[in-house]
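Reproduced below: coords-v2.cif, with mmCIF, C-alpha atoms.
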```cif
data_target
#
loop_
_atom_site.label_atom_id
_atom_site.label_comp_id
_atom_site.auth_asym_id
_atom_site.auth_seq_id
_atom_site.Cartn_x
_atom_site.Cartn_y
_atom_site.Cartn_z
CA MET A 874 -7.58 21.62 -22.11
CA ALA A 875 -10.83 21.45 -20.16
CA PRO A 876 -14.00 23.53 -20.36
CA THR A 877 -14.46 26.19 -17.74
CA PRO A 878 -15.94 24.46 -14.69
CA GLN A 879 -19.28 25.56 -13.45
CA PRO A 880 -19.63 26.67 -9.82
CA ALA A 881 -19.88 23.74 -7.44
CA ALA A 882 -23.46 22.76 -6.73
CA THR A 883 -24.81 23.21 -3.25
CA GLY A 884 -27.71 21.82 -1.28
CA PRO A 885 -28.82 18.34 -0.23
CA GLN A 886 -29.10 17.01 -3.81
CA SER A 887 -25.69 18.25 -4.97
CA ARG A 888 -23.08 15.87 -6.33
CA PRO A 889 -19.45 16.48 -5.44
CA ARG A 890 -16.97 17.62 -8.06
CA ILE A 891 -14.12 15.10 -8.17
CA LEU A 892 -10.49 15.75 -9.05
CA PHE A 893 -8.10 12.92 -9.82
CA TYR A 894 -4.58 14.23 -9.18
CA LEU A 895 -2.21 11.60 -10.62
CA PRO A 896 1.37 12.88 -11.00
CA THR A 897 2.98 9.53 -10.07
CA VAL A 898 0.60 7.21 -11.90
CA THR A 899 2.37 4.49 -13.91
CA PRO A 900 0.84 3.08 -17.10
CA TRP A 901 -0.25 -0.05 -15.22
CA TRP A 902 -1.84 1.95 -12.42
CA PHE A 903 -3.62 4.20 -14.91
CA GLU A 904 -5.02 1.36 -17.02
CA GLU A 905 -5.80 -1.16 -14.29
CA ILE A 906 -7.01 1.11 -11.48
CA CYS A 907 -7.32 4.85 -12.05
CA ALA A 908 -9.04 4.78 -15.46
CA HIS A 909 -11.75 2.53 -14.03
CA LEU A 910 -12.31 4.89 -11.11
CA VAL A 911 -12.47 7.87 -13.46
CA ARG A 912 -14.94 6.13 -15.77
CA LYS A 913 -17.26 5.13 -12.94
CA CYS A 914 -17.19 8.52 -11.24
CA ALA A 915 -17.80 10.35 -14.53
CA GLN A 916 -21.08 8.52 -15.05
CA SER A 917 -22.73 10.65 -12.40
CA HIS A 918 -20.25 13.36 -11.33
CA GLU A 919 -18.24 16.19 -12.79
CA VAL A 920 -14.72 14.76 -13.03
CA HIS A 921 -11.38 16.45 -13.67
CA VAL A 922 -8.13 14.51 -14.13
CA MET A 923 -4.62 15.97 -13.79
CA LEU A 924 -1.78 14.01 -15.37
CA CYS A 925 1.84 14.68 -16.26
CA PRO A 926 3.77 13.78 -19.42
CA MET A 927 5.68 10.51 -19.23
CA TRP A 928 8.88 10.80 -17.19
CA ARG A 929 10.77 8.09 -15.32
CA GLY A 930 7.98 5.62 -15.94
CA THR A 931 5.15 7.81 -14.63
CA GLY A 932 2.65 9.99 -16.44
CA ILE A 933 0.39 9.61 -19.45
CA ALA A 934 1.86 7.39 -22.18
CA GLU A 935 1.14 7.90 -25.86
CA GLY A 936 -0.74 4.64 -26.13
CA GLN A 937 -3.14 5.70 -23.39
CA PHE A 938 -4.67 8.64 -25.21
CA ASP A 939 -7.29 6.23 -26.54
CA ILE A 940 -8.55 5.92 -22.97
CA LEU A 941 -8.78 9.69 -22.71
CA ALA A 942 -10.64 9.86 -26.02
CA SER A 943 -13.15 7.25 -24.83
CA LEU A 944 -14.15 9.56 -21.97
CA PRO A 945 -14.98 12.86 -23.69
CA HIS A 946 -17.15 14.03 -20.79
CA VAL A 947 -14.11 13.96 -18.47
CA HIS A 948 -12.08 17.17 -18.17
CA TRP A 949 -8.42 16.27 -18.79
CA HIS A 950 -5.57 18.52 -17.66
CA VAL A 951 -2.06 17.54 -18.79
CA LEU A 952 0.38 19.38 -16.54
CA ASP A 953 3.15 19.68 -19.11
CA GLY A 954 5.05 22.75 -17.88
CA PRO A 955 8.84 22.58 -17.61
CA ASP A 956 8.61 21.84 -13.88
CA HIS A 957 6.34 18.80 -14.26
CA PRO A 958 9.03 16.37 -12.92
CA THR A 959 8.87 18.10 -9.52
CA LEU A 960 5.14 17.47 -9.23
CA ARG A 961 5.84 13.83 -8.38
CA THR A 962 7.48 14.63 -5.07
CA ASP A 963 7.36 18.35 -4.26
CA ALA A 964 4.85 20.71 -5.86
CA SER A 965 5.18 23.33 -3.13
CA THR A 966 6.37 26.00 -5.58
CA ALA A 967 3.96 25.10 -8.40
CA THR A 968 1.88 28.28 -8.22
CA ASP A 969 0.02 27.49 -11.44
CA LEU A 970 -1.08 24.15 -10.02
CA PHE A 971 -2.59 25.66 -6.89
CA GLU A 972 -4.33 28.37 -8.91
CA LEU A 973 -5.88 25.77 -11.20
CA VAL A 974 -7.01 23.56 -8.29
CA GLU A 975 -8.49 26.56 -6.50
CA PHE A 976 -10.33 27.51 -9.69
CA LEU A 977 -11.72 23.98 -10.11
CA ALA A 978 -12.76 23.91 -6.44
CA PRO A 979 -13.01 20.10 -6.10
CA ASP A 980 -15.07 18.67 -3.29
CA ILE A 981 -13.03 15.47 -3.33
CA THR A 982 -9.49 14.90 -4.61
CA LEU A 983 -8.25 11.37 -5.21
CA CYS A 984 -4.45 11.32 -5.46
CA ARG A 985 -1.76 9.07 -6.78
CA SER A 986 1.13 11.16 -5.57
CA ALA A 987 4.24 10.78 -3.41
CA ASP A 988 3.90 14.43 -2.36
CA LEU A 989 1.98 14.96 0.87
CA ALA A 990 2.41 18.71 1.17
CA ALA A 991 0.77 19.86 -2.07
CA PRO A 992 -2.46 17.83 -1.77
CA ALA A 993 -2.78 19.06 1.83
CA ARG A 994 -3.35 22.54 0.38
CA PHE A 995 -6.17 21.42 -1.92
CA PRO A 996 -9.74 22.36 -0.96
CA GLY A 997 -12.26 19.73 0.05
CA GLU A 998 -11.55 16.16 1.11
CA VAL A 999 -8.29 14.55 -0.06
CA ARG A 1000 -7.67 10.80 -0.26
CA PHE A 1001 -4.76 8.79 -1.64
CA ILE A 1002 -5.31 5.86 -4.00
CA MET A 1003 -3.16 3.10 -2.52
CA GLU A 1004 -2.53 -0.63 -2.79
CA GLY A 1005 -5.06 -2.69 -0.87
CA ALA A 1006 -3.14 -5.94 -0.50
CA ALA A 1007 -2.58 -7.16 3.07
CA PRO A 1008 -0.55 -10.37 2.95
CA PRO A 1009 -0.99 -13.17 3.74
CA LEU A 1010 -4.71 -12.72 2.96
CA ARG A 1011 -5.64 -12.97 -0.67
CA ALA A 1012 -6.30 -9.95 -2.86
CA ARG A 1013 -6.56 -9.24 -6.56
CA PRO A 1014 -3.58 -7.45 -8.13
CA ASN A 1015 -5.67 -4.27 -8.46
CA ALA A 1016 -7.04 -4.31 -4.89
CA THR A 1017 -7.36 -0.67 -3.87
CA VAL A 1018 -8.02 1.47 -0.80
CA LEU A 1019 -8.60 5.20 -0.32
CA THR A 1020 -6.54 6.53 2.57
CA ARG A 1021 -5.90 9.85 4.31
CA THR A 1022 -2.14 9.49 3.92
CA LEU A 1023 0.36 7.09 2.38
CA PHE A 1024 1.68 4.51 4.83
CA ASP A 1025 -0.25 4.56 8.11
CA TYR A 1026 -0.42 0.86 9.00
CA GLY A 1027 -2.78 -1.01 11.26
CA LEU A 1028 -4.91 1.94 12.35
CA MET A 1029 -8.51 1.17 13.23
CA PRO A 1030 -11.41 3.52 12.46
CA ASP A 1031 -13.85 4.53 15.15
CA LEU A 1032 -16.20 1.57 15.56
CA THR A 1033 -19.27 1.02 17.67
CA ASP A 1034 -19.35 -1.97 19.99
CA GLU A 1035 -21.78 -3.63 17.57
CA GLU A 1036 -19.50 -3.06 14.60
CA SER A 1037 -16.50 -4.44 16.47
CA ALA A 1038 -18.47 -7.53 17.47
CA GLU A 1039 -19.62 -8.11 13.90
CA LEU A 1040 -16.06 -7.89 12.55
CA ASP A 1041 -14.94 -10.35 15.21
CA ARG A 1042 -17.72 -12.69 14.11
CA LEU A 1043 -16.76 -12.46 10.43
CA ALA A 1044 -12.98 -12.63 10.90
CA PRO A 1045 -12.70 -16.44 11.18
CA GLN A 1046 -14.22 -16.78 7.71
CA LEU A 1047 -11.21 -14.90 6.31
CA TRP A 1048 -8.77 -16.78 8.51
CA ASP A 1049 -8.75 -20.31 7.13
CA ALA A 1050 -5.97 -22.87 7.00
CA ARG A 1051 -4.70 -21.50 3.69
CA VAL A 1052 -3.74 -18.05 5.00
CA PHE A 1053 -0.06 -19.04 4.88
CA PRO A 1054 1.43 -21.13 2.07
CA ASP A 1055 3.15 -23.61 4.43
CA PRO A 1056 1.36 -23.47 7.79
CA ALA A 1057 2.45 -26.94 8.88
CA ARG A 1058 6.08 -26.73 7.69
CA PRO A 1059 8.54 -26.94 10.58
CA ARG A 1060 10.77 -23.91 11.16
CA ALA A 1061 13.81 -26.21 11.20
CA ASP A 1062 13.12 -27.25 7.60
CA PHE A 1063 12.88 -23.60 6.50
CA LEU A 1064 16.16 -22.73 8.22
CA ALA A 1065 17.92 -25.76 6.79
CA GLU A 1066 16.77 -24.97 3.27
CA HIS A 1067 18.38 -21.54 3.49
CA GLY A 1068 21.52 -22.60 5.35
CA ILE A 1069 20.65 -20.71 8.54
CA PRO A 1070 21.79 -22.34 11.83
CA ASP A 1071 18.87 -23.15 14.10
CA ASN A 1072 20.56 -21.49 17.10
CA ARG A 1073 20.46 -18.00 15.56
CA VAL A 1074 17.80 -15.33 16.15
CA LEU A 1075 16.24 -14.81 12.75
CA ILE A 1076 15.41 -11.18 11.87
CA GLY A 1077 13.37 -10.81 8.68
CA LEU A 1078 13.80 -7.84 6.36
CA PRO A 1079 11.49 -7.64 3.32
CA LEU A 1080 12.89 -4.94 1.08
CA GLU A 1081 10.98 -2.12 -0.59
CA TYR A 1082 10.56 -1.52 -4.31
CA GLU A 1083 13.57 0.19 -5.87
CA GLN A 1084 13.18 1.47 -9.42
CA PRO A 1085 13.16 4.95 -10.99
CA GLU A 1086 9.36 4.95 -11.33
CA ASN A 1087 8.89 4.53 -7.57
CA PHE A 1088 8.81 8.07 -6.19
CA PHE A 1089 7.35 6.84 -2.89
CA ASP A 1090 10.83 5.78 -1.79
CA ARG A 1091 11.43 9.40 -0.77
CA HIS A 1092 9.60 8.44 2.44
CA HIS A 1093 12.09 5.65 3.20
CA ARG A 1094 14.33 6.49 6.19
CA PHE A 1095 17.34 5.16 4.30
CA ALA A 1096 18.88 6.32 1.03
CA ASP A 1097 18.30 2.86 -0.44
CA ASN A 1098 17.87 -0.80 0.50
CA ALA A 1099 21.61 -1.45 0.59
CA GLU A 1100 22.09 1.29 3.19
CA MET A 1101 19.24 -0.15 5.28
CA ILE A 1102 20.80 -3.63 5.21
CA ALA A 1103 24.21 -2.30 6.24
CA SER A 1104 22.73 -0.23 9.07
CA LEU A 1105 20.69 -3.12 10.50
CA ALA A 1106 23.51 -5.64 10.13
CA ALA A 1107 25.67 -3.39 12.31
CA GLN A 1108 22.99 -3.46 15.04
CA ILE A 1109 22.42 -7.19 15.41
CA PRO A 1110 24.33 -9.27 17.99
CA ASP A 1111 26.50 -12.23 17.03
CA HIS A 1112 23.75 -14.73 17.82
CA ALA A 1113 21.41 -13.22 15.19
CA VAL A 1114 21.18 -13.23 11.41
CA LEU A 1115 19.41 -10.78 9.10
CA ALA A 1116 17.36 -12.61 6.44
CA VAL A 1117 16.59 -10.38 3.46
CA THR A 1118 14.03 -10.84 0.70
CA HIS A 1119 13.85 -8.85 -2.53
CA HIS A 1120 10.72 -6.95 -3.52
CA PRO A 1121 9.30 -8.88 -6.51
CA LEU A 1122 9.05 -5.73 -8.65
CA THR A 1123 12.70 -4.84 -8.04
CA GLU A 1124 13.70 -8.23 -9.39
CA ARG A 1125 11.37 -7.82 -12.36
CA HIS A 1126 11.93 -4.16 -13.28
CA GLY A 1127 14.77 -2.79 -11.16
CA ASP A 1128 18.38 -3.58 -10.34
CA PRO A 1129 18.90 -6.05 -7.46
CA GLY A 1130 22.69 -5.82 -7.89
CA PRO A 1131 23.45 -3.28 -5.12
CA VAL A 1132 21.60 -5.41 -2.55
CA GLU A 1133 23.36 -8.56 -3.66
CA ASP A 1134 26.72 -6.76 -3.44
CA ILE A 1135 26.21 -5.51 0.11
CA VAL A 1136 24.97 -8.92 1.27
CA ALA A 1137 28.05 -10.56 -0.20
CA ARG A 1138 30.30 -8.10 1.66
CA LEU A 1139 28.58 -8.62 5.02
CA GLY A 1140 29.17 -12.38 5.14
CA GLU A 1141 27.38 -14.61 7.63
CA ARG A 1142 25.52 -11.76 9.36
CA VAL A 1143 23.12 -11.43 6.43
CA ARG A 1144 21.40 -13.94 4.12
CA LEU A 1145 19.56 -13.05 0.93
CA LEU A 1146 16.77 -15.60 0.53
CA PRO A 1147 16.03 -16.72 -3.04
CA SER A 1148 12.65 -15.76 -4.41
CA SER A 1149 10.07 -18.37 -5.35
CA ALA A 1150 8.01 -18.57 -8.52
CA LYS A 1151 5.00 -17.03 -6.75
CA PRO A 1152 5.67 -13.31 -6.07
CA GLY A 1153 5.88 -12.52 -2.36
CA ALA A 1154 5.79 -16.14 -1.21
CA ILE A 1155 9.29 -16.09 0.28
CA SER A 1156 8.48 -12.96 2.33
CA ARG A 1157 5.30 -14.60 3.63
CA ALA A 1158 7.26 -17.74 4.57
CA LEU A 1159 9.88 -15.59 6.29
CA ALA A 1160 7.13 -13.86 8.28
CA ARG A 1161 5.95 -17.28 9.41
CA HIS A 1162 9.36 -18.46 10.63
CA CYS A 1163 11.33 -15.38 11.74
CA ASP A 1164 11.74 -14.26 15.35
CA ALA A 1165 10.99 -10.64 14.43
CA MET A 1166 10.52 -8.61 11.27
CA VAL A 1167 11.90 -5.16 10.43
CA VAL A 1168 9.92 -3.00 8.02
CA GLY A 1169 9.93 0.57 6.83
CA ASN A 1170 6.87 1.09 4.62
CA SER A 1171 6.73 -2.43 3.23
CA LYS A 1172 3.30 -4.08 3.08
CA SER A 1173 4.91 -7.26 4.45
CA TRP A 1174 4.31 -5.88 7.96
CA SER A 1175 0.85 -7.42 7.80
CA ALA A 1176 2.21 -10.93 7.17
CA ALA A 1177 4.31 -10.62 10.32
CA ALA A 1178 1.32 -9.29 12.26
CA ALA A 1179 -0.83 -12.20 11.07
CA ALA A 1180 1.85 -14.60 12.28
CA GLY A 1181 2.02 -12.86 15.66
CA LYS A 1182 5.67 -11.88 15.23
CA PRO A 1183 7.29 -8.84 16.85
CA ILE A 1184 7.64 -5.95 14.40
CA VAL A 1185 10.32 -3.25 14.31
CA ARG A 1186 8.92 -0.34 12.29
CA LEU A 1187 11.35 2.26 10.97
CA SER A 1188 9.03 4.84 9.46
CA ASP A 1189 7.73 8.35 10.00
CA PHE A 1190 4.16 7.16 9.43
CA ALA A 1191 1.75 5.95 12.11
CA THR A 1192 1.46 2.36 13.31
CA GLY A 1193 -1.55 0.87 15.08
CA ALA A 1194 -1.04 0.46 18.83
CA TRP A 1195 -2.26 -3.16 18.71
CA ILE A 1196 0.85 -4.08 16.71
CA GLY A 1197 3.13 -3.25 19.63
CA ALA A 1198 5.84 -2.19 17.19
CA TYR A 1199 9.36 -1.41 18.32
CA ASP A 1200 10.98 1.76 17.01
CA SER A 1201 14.50 0.30 16.84
CA LEU A 1202 16.23 -3.06 16.53
CA PRO A 1203 18.28 -2.58 19.74
CA ALA A 1204 15.02 -2.03 21.66
CA PHE A 1205 13.75 -5.41 20.46
CA PHE A 1206 16.97 -7.20 21.44
CA ALA A 1207 16.92 -5.53 24.87
CA ASP A 1208 13.43 -6.88 25.50
CA GLN A 1209 14.38 -10.28 24.15
CA ALA A 1210 17.33 -10.46 26.54
CA GLY A 1211 14.94 -9.60 29.39
CA GLY A 1212 12.39 -12.21 28.31
CA ARG A 1213 9.64 -9.68 27.73
CA VAL A 1214 9.26 -9.44 23.96
CA ARG A 1215 5.95 -7.94 22.82
CA GLY A 1216 4.06 -8.74 19.64
CA PRO A 1217 0.76 -7.96 17.96
CA ASP A 1218 -2.48 -8.52 19.86
CA PRO A 1219 -3.94 -11.61 18.12
CA ALA A 1220 -7.60 -10.67 18.61
CA MET A 1221 -7.02 -7.16 17.32
CA ALA A 1222 -5.02 -8.55 14.40
CA ARG A 1223 -8.02 -10.54 13.25
CA ARG A 1224 -10.31 -7.58 13.73
CA TRP A 1225 -7.99 -5.30 11.74
CA PHE A 1226 -7.71 -7.76 8.85
CA ALA A 1227 -11.49 -8.16 8.79
CA CYS A 1228 -12.00 -4.40 8.79
CA HIS A 1229 -9.38 -3.85 6.11
CA MET A 1230 -10.50 -6.60 3.75
CA LEU A 1231 -14.27 -6.23 4.20
CA ASN A 1232 -14.64 -2.49 4.79
CA ASN A 1233 -11.71 -0.83 3.02
CA VAL A 1234 -10.52 -2.91 0.06
CA PHE A 1235 -12.37 -2.79 -3.26
CA ASP A 1236 -11.87 -3.81 -6.88
CA PRO A 1237 -12.02 -0.83 -9.29
CA THR A 1238 -13.19 -3.15 -12.09
CA ASP A 1239 -16.13 -4.54 -10.11
CA PRO A 1240 -19.23 -4.07 -12.31
CA ALA A 1241 -21.30 -3.38 -9.19
CA LEU A 1242 -19.06 -0.50 -8.10
CA SER A 1243 -20.51 2.91 -8.94
CA GLY A 1244 -19.26 6.47 -8.75
CA ASP A 1245 -21.46 7.00 -5.72
CA ASP A 1246 -19.80 4.01 -4.05
CA ILE A 1247 -16.37 5.53 -4.65
CA VAL A 1248 -17.52 8.86 -3.21
CA ALA A 1249 -18.96 7.05 -0.18
CA ARG A 1250 -15.65 5.28 0.41
CA ALA A 1251 -13.87 8.61 0.34
CA LEU A 1252 -16.27 10.29 2.75
CA GLN A 1253 -17.59 7.48 4.98
CA PRO A 1254 -14.79 5.49 6.65
CA VAL A 1255 -17.02 2.68 7.94
CA ASP A 1256 -20.08 1.13 6.35
CA SER A 1257 -21.13 -2.31 7.59
CA ALA A 1258 -23.29 -2.75 4.48
CA ARG A 1259 -20.05 -3.41 2.55
CA TRP A 1260 -18.95 -6.31 4.70
CA LEU A 1261 -21.03 -9.34 3.66
CA PRO A 1262 -20.77 -8.65 -0.10
CA ALA A 1263 -16.99 -8.22 0.35
CA LEU A 1264 -16.81 -11.50 2.25
CA ASP A 1265 -18.66 -13.28 -0.55
CA ARG A 1266 -16.19 -11.87 -3.09
CA TYR A 1267 -13.27 -12.93 -0.92
CA LYS A 1268 -14.59 -16.48 -0.65
CA ALA A 1269 -15.12 -16.61 -4.41
CA LEU A 1270 -11.54 -15.46 -4.99
CA SER A 1271 -10.23 -18.10 -2.56
CA LEU A 1272 -12.19 -20.85 -4.30
CA ALA A 1273 -10.95 -19.72 -7.70
CA GLU A 1274 -7.33 -19.82 -6.53
CA ALA A 1275 -7.78 -23.24 -4.92
CA ALA A 1276 -9.33 -24.74 -8.08
#
```
Show how you would write the structure in this file as C-alpha cells.
Amino acid sequence: MAPTPQPAATGPQSRPRILFYLPTVTPWWFEEICAHLVRKCAQSHEVHVMLCPMWRGTGIAEGQFDILASLPHVHWHVLDGPDHPTLRTDASTATDLFELVEFLAPDITLCRSADLAAPARFPGEVRFIMEGAAPPLRARPNATVLTRTLFDYGLMPDLTDEESAELDRLAPQLWDARVFPDPARPRADFLAEHGIPDNRVLIGLPLEYEQPENFFDRHHRFADNAEMIASLAAQIPDHAVLAVTHHPLTERHGDPGPVEDIVARLGERVRLLPSSAKPGAISRALARHCDAMVVGNSKSWSAAAAAGKPIVRLSDFATGAWIGAYDSLPAFFADQAGGRVRGPDPAMARRWFACHMLNNVFDPTDPALSGDDIVARALQPVDSARWLPALDRYKALSLAEAA
C-alpha cells in the first residue's frame, strides 16, 4: 500500500530511511507513543510503518485509521497475510516480510516486537521501542527508551571519565527524599500490616504482566506467574516467606485468579500483598522492606537496586555487573547463611539511574523532540547535551506531582 521507495540517499547530507516495525503494538502504545514518533520522524525523513491487523489486542484498530489518514506522507504497510499472528513472536519463516524489508532498505528500524530473531536479519541499525520507567524514580506513563534488545537491565554505556563524573554530580538532584513513598516507615510496621512475622526472611516477588496482548511473556523462564511462584516457594527454607505482588495491568486487564489460587494452596510460605490505589506502590514498598527480591524481566528490579537490596535475576537477558545479581534463590540463601550477601553497588546505582533518566528516557509527545533527535537517540548512545534539559523536565514533573 506504499509507493515504491526511492534508493537510499548517500553522502554526508543524506537522511536515513526509517522503518517502524510494530507487530506487537497495542492501541495504547500506538496512540500514545508510536504515532508521535512516526509523526516527528516523517517531518524530515522518509518513513515506512509496518503494522498487523488487530489480533489478541495488538495491531491496527479500526478507530486508528484516522491517524494513518492524517499522515499521508508516511508509507503504511499492513501485513495482513494469513500468517500475521506469527509475526508477533516468530517471523523466521515470513519470506515475504524479509523480501519487503530488503526492498525498502531501511537505515534504521524501530521495533515494537517480541521477536528478536526476525529484526536481527533487517539491514541497518535496529532498536526496540521499550518502556522507560525505572521505579522508584518518577516517569510519565509514556516514558520511552530505544534499546538494542528487550530486557537487558542495568548496563552502562561506554563513558569517559568526565561523563561519569558529571552523572555523579547530577545524580543527587534525582535522588531526593521522595524517591520512595514511605522512606521513614519502619519495616516492622510494613510486616505487621501484611501479617508477616518479623523473624522471617522476606523475599519479594513482583509478578509480570499476564494477558493475551502481552507477547513479551515468551521470554519468561516460566510458563506463567503461578508456575514461578510454585517453583520459588519450593526453594525457600522454613525461616523465609515469599511476598508476591500483582502487576497492576494484570489486575486491570488480565486474570489474577490463577495466582490467587496457587498462593492459597501454598499456605504460610507465600503471601499475596494487596495492591494500593496508586499502581506499583506496593511493589515499591516491598522493594524497600524485603531482604531480597526475585525478578525475571520485571521493571521492579530497579526499585530493589535503588533500595540496595540483593537481587535474584532469573532471565536469559543481561544484567549489569554493578547489581551483583544472583542467578538462583539457593545461591542467595547460601551466601546469607555464610554472612556474605552481596547487593548493588550504591554509587553505581546512582550513576546508572542518572544515565538512564537523563540520557536515555524521553517523552514522545515533547514538543521540542524532533525526528533528528529520535535518529540521534537510535545512533548515538550517549550525548551529555541531553542531560540538563532532561533534569529540568524531571524536576518539573516532580513539582507537578507534589502540588
| query | Which is closer to Ala1263 of chain A than all the others in A:Ala964, A:Leu1078, A:Cys914, A:Ala1241, using all atoms listed in the file? | reply |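 Looking at the shortest contact to Ala1263 of chain A, the residue is A:Ala1241.
These residues, each with an atom at most 8 Å from (2.0, 16.4, -12.6) using all atoms listed in the file, are Tyr894, Leu895, Pro896, Thr897, Met923, Leu924, Cys925, Pro926, Gly932, Val951, Leu952, Asp953, His957, Pro958, Thr959, Leu960 and Arg961 of chain A.
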| Evaluate the PyMOL selection byres ((chain A and resi 1201) around 8) and report residues as JSON, numbers by chain | {"A": [1185, 1186, 1187, 1199, 1200, 1202, 1203, 1204, 1205]}
| task | Find the residue from A:Arg888, A:Arg1224, A:Arg1142, A:His1119 that sits nearest to Arg1042 of chain A; use all atoms listed in the file when measuring. | result |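 Smallest distance to Arg1042 of chain A is found for A:Arg1224.
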| Residue contacts of segment 1155-1157 of chain A (10 Å, only C-alpha atoms) excluding same-chain residues fewer than 6 positions away, as a list in words |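 Neighbouring residues, sequence-local ones excluded: Pro1008, Pro1009, Val1052, Phe1053, Pro1054, Asp1055, Gly1077, Leu1078, Pro1079, Leu1080, Ala1116, Val1117, Thr1118, His1119, His1120, Pro1121, Leu1146, Pro1147, Ser1148, Ser1149, Ser1173, Trp1174, Ser1175, Ala1176, Ala1177, Ala1179 and Ala1180 of chain A.
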| said: Selection in question (the file shown): the PyMOL selection byres ((chain A and resi 1164) around 12). Which residues does it include, as a VMD selection string? | reply: chain A and resid 1060 1064 1071 to 1078 1113 to 1116 1159 to 1163 1165 to 1167 1177 to 1178 1180 to 1185 1205 to 1206 1209 1214 to 1216
| field | Atom pair atom CA of Trp1260 of chain A / atom CA of Thr1022 of chain A: separation (Å) | value |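 Computed distance, atom CA of Trp1260 of chain A to atom CA of Thr1022 of chain A, equals 23.1 Å.
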| request: Within 9 Å of Leu989 of chain A, counting all atoms listed in the file, which residues show up once you throw out same-chain ones fewer than 6 positions away? Write them as a ChimeraX atom specification, please. | output: /A:962-963,1022-1023
Restrict the selected residues to C-alpha atoms and save them as a PDB file, in the coordinates of the input.
```
ATOM      1  CA  THR A 962       7.480  14.630  -5.070  1.00  0.00           C
ATOM      2  CA  ASP A 963       7.360  18.350  -4.260  1.00  0.00           C
ATOM      3  CA  THR A1022      -2.140   9.490   3.920  1.00  0.00           C
ATOM      4  CA  LEU A1023       0.360   7.090   2.380  1.00  0.00           C
TER       5      LEU A1023
END
```
| To one decimal place, how far is atom CA of Trp1195 of chain A from atom CA of Asp1218 of chain A in Å? |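 The value is 5.5 Å.
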Evaluate the PyMOL selection byres ((chain A and resi 1230) around 10) on the structure here and hand back the selected residues as a PDB file with C-alpha atoms, in the coordinates of the input.
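Heads up, here's the output in result_34.pdb:
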```pdb
ATOM      1  CA  GLY A1005      -5.060  -2.690  -0.870  1.00  0.00           C
ATOM      2  CA  ALA A1006      -3.140  -5.940  -0.500  1.00  0.00           C
ATOM      3  CA  ALA A1007      -2.580  -7.160   3.070  1.00  0.00           C
ATOM      4  CA  LEU A1010      -4.710 -12.720   2.960  1.00  0.00           C
ATOM      5  CA  ARG A1011      -5.640 -12.970  -0.670  1.00  0.00           C
ATOM      6  CA  ALA A1012      -6.300  -9.950  -2.860  1.00  0.00           C
ATOM      7  CA  ALA A1016      -7.040  -4.310  -4.890  1.00  0.00           C
ATOM      8  CA  VAL A1018      -8.020   1.470  -0.800  1.00  0.00           C
ATOM      9  CA  ALA A1044     -12.980 -12.630  10.900  1.00  0.00           C
ATOM     10  CA  LEU A1047     -11.210 -14.900   6.310  1.00  0.00           C
ATOM     11  CA  TRP A1225      -7.990  -5.300  11.740  1.00  0.00           C
ATOM     12  CA  PHE A1226      -7.710  -7.760   8.850  1.00  0.00           C
ATOM     13  CA  ALA A1227     -11.490  -8.160   8.790  1.00  0.00           C
ATOM     14  CA  CYS A1228     -12.000  -4.400   8.790  1.00  0.00           C
ATOM     15  CA  HIS A1229      -9.380  -3.850   6.110  1.00  0.00           C
ATOM     16  CA  LEU A1231     -14.270  -6.230   4.200  1.00  0.00           C
ATOM     17  CA  ASN A1232     -14.640  -2.490   4.790  1.00  0.00           C
ATOM     18  CA  ASN A1233     -11.710  -0.830   3.020  1.00  0.00           C
ATOM     19  CA  VAL A1234     -10.520  -2.910   0.060  1.00  0.00           C
ATOM     20  CA  PHE A1235     -12.370  -2.790  -3.260  1.00  0.00           C
ATOM     21  CA  TRP A1260     -18.950  -6.310   4.700  1.00  0.00           C
ATOM     22  CA  ALA A1263     -16.990  -8.220   0.350  1.00  0.00           C
ATOM     23  CA  LEU A1264     -16.810 -11.500   2.250  1.00  0.00           C
ATOM     24  CA  TYR A1267     -13.270 -12.930  -0.920  1.00  0.00           C
TER      25      TYR A1267
END
```
| task | Measuring atom to atom with all atoms listed in the file, identify which of A:Glu1086, A:Glu1100, A:Glu972, A:Asp1034 is nearest to Thr931 of chain A. | result |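 Of all the options, A:Glu1086 lies closest to Thr931 of chain A.
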| request: Find the residues with any atom within 6 Å of (4.1, 3.0, -16.8); use all atoms listed in the file and the coordinates as given in the file, and write the answer as a list of chain:residue names. | output: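 Residues found, by chain and rising number: A:Thr899, A:Pro900, A:Trp901, A:Gly930, A:Thr931.
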Generate a file of the selected residues that holds C-alpha atoms, formatted as a PDB file, in the frame of the given file.
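Result went into result-v9.pdb, see below:
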```
ATOM      1  CA  THR A 899       2.370   4.490 -13.910  1.00  0.00           C
ATOM      2  CA  PRO A 900       0.840   3.080 -17.100  1.00  0.00           C
ATOM      3  CA  TRP A 901      -0.250  -0.050 -15.220  1.00  0.00           C
ATOM      4  CA  GLY A 930       7.980   5.620 -15.940  1.00  0.00           C
ATOM      5  CA  THR A 931       5.150   7.810 -14.630  1.00  0.00           C
TER       6      THR A 931
END
```
| message | For a quick check of understanding, using all atoms listed in the file, which of A:Ala934, A:Met1101, A:Val920, A:Ile1069 has the smallest distance to His950 of chain A? | response | A:Val920
| task | Would you list the contacts of segment 1024-1029 of chain A as a PyMOL selection string, taking every protein, DNA or RNA residue within 7 Å and counting only C-alpha atoms, but skipping same-chain residues closer than 2 positions in sequence? | result | chain A and resi 1022+1031+1170+1190-1193+1225
| task | Kindly indicate which residue among A:Glu1141, A:Asp1041, A:Asp1097, A:Asp1236 lies nearest to Pro1070 of chain A, using only C-alpha atoms for the distances. | result | A:Glu1141
| request: Can you pull out every residue within 8 Å of Glu998 of chain A, counting all atoms listed in the file, but drop anything in the same chain fewer than 6 positions away, and send it as a count of residues only? | output: 5
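Residues within 10 Å of Phe893 of chain A, counting all atoms listed in the file and excluding same-chain residues fewer than 6 positions away, are Cys907, Ala908, Leu910, Val911, Val920, His921, Val922, Met923, Leu924, Trp949, His950, Pro979, Ile981, Thr982, Leu983, Cys984, Arg985, Val999, Arg1000, Phe1001 and Ile1002 of chain A.
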| By how many Å are atom CA of Asn1015 of chain A and atom CA of Ile906 of chain A apart? | 6.3 Å
| request: Counting only C-alpha atoms, figure out which residue out of A:Arg1058, A:Pro996, A:Arg1250, A:Gln937 gets nearest to Ala1158 of chain A. | output: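 Looking only at the distances to Ala1158 of chain A, the closest residue turns out to be A:Arg1058.
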